[in-house]
>>> print(open('query-v6.pdb').read())   # PDB, C-alpha atoms, pLDDT in the B column
ATOM      1  CA  MET A   1     -43.486 113.095 -72.923  1.00 47.00           C
ATOM      2  CA  THR A   2     -45.983 114.095 -75.551  1.00 54.00           C
ATOM      3  CA  ILE A   3     -46.498 112.096 -78.684  1.00 59.00           C
ATOM      4  CA  ASP A   4     -47.499 113.664 -82.002  1.00 61.00           C
ATOM      5  CA  GLN A   5     -51.066 112.370 -82.336  1.00 63.00           C
ATOM      6  CA  SER A   6     -51.080 112.316 -86.149  1.00 67.00           C
ATOM      7  CA  ALA A   7     -47.779 110.409 -86.208  1.00 65.00           C
ATOM      8  CA  ALA A   8     -49.092 108.037 -83.540  1.00 63.00           C
ATOM      9  CA  MET A   9     -52.249 107.378 -85.542  1.00 63.00           C
ATOM     10  CA  GLN A  10     -50.195 106.771 -88.701  1.00 66.00           C
ATOM     11  CA  ALA A  11     -48.022 104.288 -86.794  1.00 66.00           C
ATOM     12  CA  THR A  12     -51.019 102.448 -85.351  1.00 63.00           C
ATOM     13  CA  ALA A  13     -52.517 102.186 -88.840  1.00 63.00           C
ATOM     14  CA  SER A  14     -49.231 101.051 -90.424  1.00 61.00           C
ATOM     15  CA  VAL A  15     -47.827  98.690 -87.817  1.00 66.00           C
ATOM     16  CA  PRO A  16     -50.029  95.741 -86.834  1.00 62.00           C
ATOM     17  CA  GLY A  17     -50.400  94.767 -83.207  1.00 68.00           C
ATOM     18  CA  ILE A  18     -49.919  98.115 -81.480  1.00 71.00           C
ATOM     19  CA  PRO A  19     -52.052  98.046 -78.326  1.00 73.00           C
ATOM     20  CA  ARG A  20     -54.645 100.760 -78.798  1.00 72.00           C
ATOM     21  CA  ASP A  21     -58.061 102.091 -77.918  1.00 74.00           C
ATOM     22  CA  ASP A  22     -60.351 104.509 -79.766  1.00 76.00           C
ATOM     23  CA  GLU A  23     -57.997 107.412 -79.037  1.00 73.00           C
ATOM     24  CA  GLY A  24     -54.782 105.739 -80.229  1.00 70.00           C
ATOM     25  CA  PRO A  25     -51.959 103.709 -78.713  1.00 73.00           C
ATOM     26  CA  VAL A  26     -52.095 102.722 -75.037  1.00 78.00           C
ATOM     27  CA  PHE A  27     -49.171 101.992 -72.745  1.00 84.00           C
ATOM     28  CA  ARG A  28     -48.933 100.100 -69.455  1.00 82.00           C
ATOM     29  CA  GLU A  29     -45.678 101.774 -68.378  1.00 83.00           C
ATOM     30  CA  PRO A  30     -44.033 105.148 -69.149  1.00 82.00           C
ATOM     31  CA  TRP A  31     -41.034 103.445 -70.779  1.00 84.00           C
ATOM     32  CA  GLU A  32     -43.376 101.912 -73.388  1.00 89.00           C
ATOM     33  CA  ALA A  33     -44.537 105.377 -74.441  1.00 87.00           C
ATOM     34  CA  ARG A  34     -40.913 106.532 -74.610  1.00 86.00           C
ATOM     35  CA  ALA A  35     -39.902 103.592 -76.803  1.00 89.00           C
ATOM     36  CA  PHE A  36     -42.902 104.277 -79.040  1.00 90.00           C
ATOM     37  CA  ALA A  37     -41.987 107.973 -79.253  1.00 90.00           C
ATOM     38  CA  MET A  38     -38.359 107.155 -80.110  1.00 90.00           C
ATOM     39  CA  ALA A  39     -39.510 104.967 -82.995  1.00 92.00           C
ATOM     40  CA  LEU A  40     -41.830 107.753 -84.209  1.00 91.00           C
ATOM     41  CA  ALA A  41     -38.969 110.254 -84.079  1.00 91.00           C
ATOM     42  CA  LEU A  42     -36.552 107.993 -85.944  1.00 92.00           C
ATOM     43  CA  HIS A  43     -39.195 107.233 -88.565  1.00 92.00           C
ATOM     44  CA  ALA A  44     -39.834 110.973 -88.984  1.00 91.00           C
ATOM     45  CA  ARG A  45     -36.099 111.424 -89.591  1.00 92.00           C
ATOM     46  CA  GLY A  46     -36.186 108.803 -92.327  1.00 94.00           C
ATOM     47  CA  LEU A  47     -34.297 106.045 -90.511  1.00 92.00           C
ATOM     48  CA  PHE A  48     -36.872 103.463 -91.646  1.00 93.00           C
ATOM     49  CA  THR A  49     -40.240 103.131 -93.331  1.00 93.00           C
ATOM     50  CA  TRP A  50     -43.219 101.724 -91.439  1.00 91.00           C
ATOM     51  CA  THR A  51     -43.121  98.682 -93.704  1.00 92.00           C
ATOM     52  CA  GLU A  52     -39.475  98.101 -92.788  1.00 94.00           C
ATOM     53  CA  TRP A  53     -40.331  98.604 -89.103  1.00 93.00           C
ATOM     54  CA  ALA A  54     -43.308  96.210 -89.231  1.00 92.00           C
ATOM     55  CA  ASP A  55     -41.167  93.539 -90.911  1.00 95.00           C
ATOM     56  CA  ALA A  56     -38.371  93.923 -88.340  1.00 96.00           C
ATOM     57  CA  LEU A  57     -40.861  93.881 -85.452  1.00 94.00           C
ATOM     58  CA  ALA A  58     -42.558  90.764 -86.829  1.00 93.00           C
ATOM     59  CA  GLN A  59     -39.157  89.036 -87.049  1.00 96.00           C
ATOM     60  CA  GLN A  60     -38.387  90.028 -83.451  1.00 95.00           C
ATOM     61  CA  ILE A  61     -41.731  88.688 -82.227  1.00 94.00           C
ATOM     62  CA  LYS A  62     -41.260  85.413 -84.117  1.00 94.00           C
ATOM     63  CA  LEU A  63     -37.793  85.043 -82.598  1.00 94.00           C
ATOM     64  CA  ALA A  64     -39.206  85.628 -79.112  1.00 93.00           C
ATOM     65  CA  GLN A  65     -42.006  83.124 -79.710  1.00 93.00           C
ATOM     66  CA  ALA A  66     -39.472  80.539 -80.870  1.00 95.00           C
ATOM     67  CA  GLU A  67     -37.594  81.158 -77.601  1.00 94.00           C
ATOM     68  CA  GLY A  68     -40.751  80.568 -75.533  1.00 93.00           C
ATOM     69  CA  ASP A  69     -42.507  83.941 -75.314  1.00 90.00           C
ATOM     70  CA  ALA A  70     -46.169  83.152 -74.635  1.00 84.00           C
ATOM     71  CA  ASP A  71     -47.236  86.138 -76.777  1.00 78.00           C
ATOM     72  CA  THR A  72     -49.935  87.318 -74.375  1.00 79.00           C
ATOM     73  CA  GLY A  73     -49.444  90.948 -75.397  1.00 79.00           C
ATOM     74  CA  GLU A  74     -47.672  91.886 -72.185  1.00 84.00           C
ATOM     75  CA  THR A  75     -44.253  91.708 -73.854  1.00 88.00           C
ATOM     76  CA  TYR A  76     -45.186  93.661 -76.995  1.00 89.00           C
ATOM     77  CA  TYR A  77     -43.124  96.737 -76.117  1.00 90.00           C
ATOM     78  CA  ASN A  78     -40.168  94.582 -75.055  1.00 92.00           C
ATOM     79  CA  HIS A  79     -40.137  93.439 -78.683  1.00 94.00           C
ATOM     80  CA  TRP A  80     -40.643  97.026 -79.840  1.00 93.00           C
ATOM     81  CA  LEU A  81     -37.586  98.143 -77.874  1.00 92.00           C
ATOM     82  CA  ALA A  82     -35.462  95.203 -79.060  1.00 93.00           C
ATOM     83  CA  THR A  83     -36.422  96.020 -82.657  1.00 95.00           C
ATOM     84  CA  LEU A  84     -35.517  99.657 -82.129  1.00 92.00           C
ATOM     85  CA  GLU A  85     -32.113  98.706 -80.737  1.00 88.00           C
ATOM     86  CA  LYS A  86     -31.420  96.327 -83.622  1.00 91.00           C
ATOM     87  CA  LEU A  87     -32.379  98.842 -86.307  1.00 92.00           C
ATOM     88  CA  VAL A  88     -30.334 101.617 -84.681  1.00 89.00           C
ATOM     89  CA  ALA A  89     -27.309  99.303 -84.560  1.00 87.00           C
ATOM     90  CA  ALA A  90     -27.867  97.894 -88.072  1.00 89.00           C
ATOM     91  CA  LYS A  91     -28.064 101.380 -89.555  1.00 90.00           C
ATOM     92  CA  ASN A  92     -24.944 102.492 -87.675  1.00 88.00           C
ATOM     93  CA  ILE A  93     -26.815 105.206 -85.781  1.00 86.00           C
ATOM     94  CA  ALA A  94     -25.220 103.858 -82.615  1.00 82.00           C
ATOM     95  CA  PRO A  95     -23.005 100.794 -82.314  1.00 80.00           C
ATOM     96  CA  ALA A  96     -24.370  97.831 -80.378  1.00 78.00           C
ATOM     97  CA  SER A  97     -21.591  98.284 -77.794  1.00 87.00           C
ATOM     98  CA  GLU A  98     -22.861 101.798 -77.057  1.00 87.00           C
ATOM     99  CA  LEU A  99     -26.435 100.549 -76.708  1.00 81.00           C
ATOM    100  CA  ASP A 100     -25.191  97.859 -74.307  1.00 86.00           C
ATOM    101  CA  ARG A 101     -23.246 100.473 -72.350  1.00 91.00           C
ATOM    102  CA  TYR A 102     -26.313 102.653 -71.881  1.00 88.00           C
ATOM    103  CA  ARG A 103     -28.589  99.697 -71.090  1.00 85.00           C
ATOM    104  CA  ASP A 104     -26.152  98.605 -68.369  1.00 91.00           C
ATOM    105  CA  ALA A 105     -25.985 102.171 -67.039  1.00 92.00           C
ATOM    106  CA  TRP A 106     -29.781 102.393 -66.861  1.00 87.00           C
ATOM    107  CA  ASP A 107     -29.900  99.027 -65.081  1.00 89.00           C
ATOM    108  CA  HIS A 108     -27.337 100.257 -62.563  1.00 90.00           C
ATOM    109  CA  ALA A 109     -29.259 103.501 -62.028  1.00 91.00           C
ATOM    110  CA  ALA A 110     -32.525 101.590 -61.588  1.00 88.00           C
ATOM    111  CA  ASP A 111     -30.921  99.261 -59.035  1.00 91.00           C
ATOM    112  CA  ARG A 112     -29.827 102.175 -56.832  1.00 91.00           C
ATOM    113  CA  THR A 113     -33.064 104.185 -57.173  1.00 91.00           C
ATOM    114  CA  PRO A 114     -35.772 103.723 -54.533  1.00 90.00           C
ATOM    115  CA  HIS A 115     -39.103 102.441 -55.879  1.00 87.00           C
ATOM    116  CA  GLY A 116     -41.330 105.252 -57.069  1.00 84.00           C
ATOM    117  CA  GLN A 117     -38.507 107.737 -57.579  1.00 84.00           C
ATOM    118  CA  PRO A 118     -37.366 108.967 -61.004  1.00 85.00           C
ATOM    119  CA  ILE A 119     -34.366 107.128 -62.387  1.00 85.00           C
ATOM    120  CA  GLU A 120     -31.516 109.466 -63.254  1.00 88.00           C
ATOM    121  CA  LEU A 121     -28.232 108.563 -64.908  1.00 88.00           C
ATOM    122  CA  THR A 122     -25.048 109.789 -63.285  1.00 91.00           C
ATOM    123  CA  PRO A 123     -21.440 109.390 -64.439  1.00 92.00           C
ATOM    124  CA  GLN A 124     -21.000 106.635 -61.831  1.00 91.00           C
ATOM    125  CA  ASP A 125     -23.608 104.514 -63.657  1.00 89.00           C
ATOM    126  CA  PHE A 126     -21.270 103.995 -66.616  1.00 91.00           C
TER
END
>>> encode(input="query-v6.pdb", output="structure tokens")
Amino acid sequence: MTIDQSAAMQATASVPGIPRDDEGPVFREPWEARAFAMALALHARGLFTWTEWADALAQQIKLAQAEGDADTGETYYNHWLATLEKLVAAKNIAPASELDRYRDAWDHAADRTPHGQPIELTPQDF
């Protein structure tokens, strides 16, 4: 998945805390880059401003800290994804039940996929 570099740089300048190096955002796992790219795409479509995103992400991180997250930076994109899900549901882009349905399907697909192989959804995962 490619990420629009100018959009990525705008996001890293607008949203505090994005793990980055001199070339832009960095990701430990492919899913982190996908979650980042989804947020960029939804921002580009006008779903939210970066200020709105940063506020929602900060609230999500504070909630996680209150629940015991050690905030070592390793869970940053877990918070990013949770924020994305909440904003998508809050703005009625997809109902929370549909997000739950797909999350469960991905979990099922991951459980049946051998380590190192691509995870693919099938109708049986739903």
>>> closest_residue(input="query-v6.pdb", among="A:Thr83, A:Pro30, A:Tyr76, A:Leu57", to="A:Ile119", atoms="all atoms listed in the file")
A:Pro30
>>> axis_aligned_box(input="query-v6.pdb", around="stretch 61-80 of chain A", padding_each_side="6 Å", output="AutoDock Vina command-line options")
--center_x -43.8 --center_y 88.8 --center_z -78.2 --size_x 24.3 --size_y 28.5 --size_z 23.9
>>> atom_distance(input="query-v6.pdb", atom1="atom CA of A:Trp80", atom2="atom CA of A:Pro95")
18.2 Å
>>> resolve_selection(input="query-v6.pdb", expression="the PyMOL selection byres ((chain A and resi 42) around 12)", output="PDB file with C-alpha atoms, keeping the file's coordinate frame")
ATOM      1  CA  ALA A   7     -47.779 110.409 -86.208  1.00 65.00           C
ATOM      2  CA  ALA A  35     -39.902 103.592 -76.803  1.00 89.00           C
ATOM      3  CA  PHE A  36     -42.902 104.277 -79.040  1.00 90.00           C
ATOM      4  CA  ALA A  37     -41.987 107.973 -79.253  1.00 90.00           C
ATOM      5  CA  MET A  38     -38.359 107.155 -80.110  1.00 90.00           C
ATOM      6  CA  ALA A  39     -39.510 104.967 -82.995  1.00 92.00           C
ATOM      7  CA  LEU A  40     -41.830 107.753 -84.209  1.00 91.00           C
ATOM      8  CA  ALA A  41     -38.969 110.254 -84.079  1.00 91.00           C
ATOM      9  CA  HIS A  43     -39.195 107.233 -88.565  1.00 92.00           C
ATOM     10  CA  ALA A  44     -39.834 110.973 -88.984  1.00 91.00           C
ATOM     11  CA  ARG A  45     -36.099 111.424 -89.591  1.00 92.00           C
ATOM     12  CA  GLY A  46     -36.186 108.803 -92.327  1.00 94.00           C
ATOM     13  CA  LEU A  47     -34.297 106.045 -90.511  1.00 92.00           C
ATOM     14  CA  PHE A  48     -36.872 103.463 -91.646  1.00 93.00           C
ATOM     15  CA  THR A  49     -40.240 103.131 -93.331  1.00 93.00           C
ATOM     16  CA  TRP A  50     -43.219 101.724 -91.439  1.00 91.00           C
ATOM     17  CA  TRP A  53     -40.331  98.604 -89.103  1.00 93.00           C
ATOM     18  CA  LEU A  84     -35.517  99.657 -82.129  1.00 92.00           C
ATOM     19  CA  GLU A  85     -32.113  98.706 -80.737  1.00 88.00           C
ATOM     20  CA  LEU A  87     -32.379  98.842 -86.307  1.00 92.00           C
ATOM     21  CA  VAL A  88     -30.334 101.617 -84.681  1.00 89.00           C
ATOM     22  CA  LYS A  91     -28.064 101.380 -89.555  1.00 90.00           C
ATOM     23  CA  ILE A  93     -26.815 105.206 -85.781  1.00 86.00           C
TER      24      ILE A  93
END
>>> resolve_selection(input="query-v6.pdb", expression="the PyMOL selection byres ((chain A and resi 74) around 12)", output="PDB file with C-alpha atoms, keeping the file's coordinate frame")
ATOM      1  CA  GLY A  17     -50.400  94.767 -83.207  1.00 68.00           C
ATOM      2  CA  ILE A  18     -49.919  98.115 -81.480  1.00 71.00           C
ATOM      3  CA  PRO A  19     -52.052  98.046 -78.326  1.00 73.00           C
ATOM      4  CA  PHE A  27     -49.171 101.992 -72.745  1.00 84.00           C
ATOM      5  CA  ARG A  28     -48.933 100.100 -69.455  1.00 82.00           C
ATOM      6  CA  GLU A  29     -45.678 101.774 -68.378  1.00 83.00           C
ATOM      7  CA  GLU A  32     -43.376 101.912 -73.388  1.00 89.00           C
ATOM      8  CA  ASP A  69     -42.507  83.941 -75.314  1.00 90.00           C
ATOM      9  CA  ALA A  70     -46.169  83.152 -74.635  1.00 84.00           C
ATOM     10  CA  ASP A  71     -47.236  86.138 -76.777  1.00 78.00           C
ATOM     11  CA  THR A  72     -49.935  87.318 -74.375  1.00 79.00           C
ATOM     12  CA  GLY A  73     -49.444  90.948 -75.397  1.00 79.00           C
ATOM     13  CA  THR A  75     -44.253  91.708 -73.854  1.00 88.00           C
ATOM     14  CA  TYR A  76     -45.186  93.661 -76.995  1.00 89.00           C
ATOM     15  CA  TYR A  77     -43.124  96.737 -76.117  1.00 90.00           C
ATOM     16  CA  ASN A  78     -40.168  94.582 -75.055  1.00 92.00           C
ATOM     17  CA  HIS A  79     -40.137  93.439 -78.683  1.00 94.00           C
ATOM     18  CA  TRP A  80     -40.643  97.026 -79.840  1.00 93.00           C
TER      19      TRP A  80
END
>>> residues_around(input="query-v6.pdb", residues="A:Arg103", least_positions_apart="6", cutoff="12 Å", atoms="all atoms listed in the file", output="list in words")
Leu81, Ala82, Glu85, Ala96, Ser97, Ala109, Ala110, Leu121, Asp125 and Phe126 of chain A
>>> closest_residue(input="query-v6.pdb", among="A:Gln59, A:Arg20, A:Ala66, A:Arg101", to="A:Ala33", atoms="all atoms listed in the file")
A:Arg20
>>> atom_distance(input="query-v6.pdb", atom1="atom CA of A:Ala105", atom2="atom CA of A:Gln124")
8.5 Å
>>> atom_distance(input="query-v6.pdb", atom1="atom CA of A:Tyr102", atom2="atom CA of A:Thr51")
27.8 Å
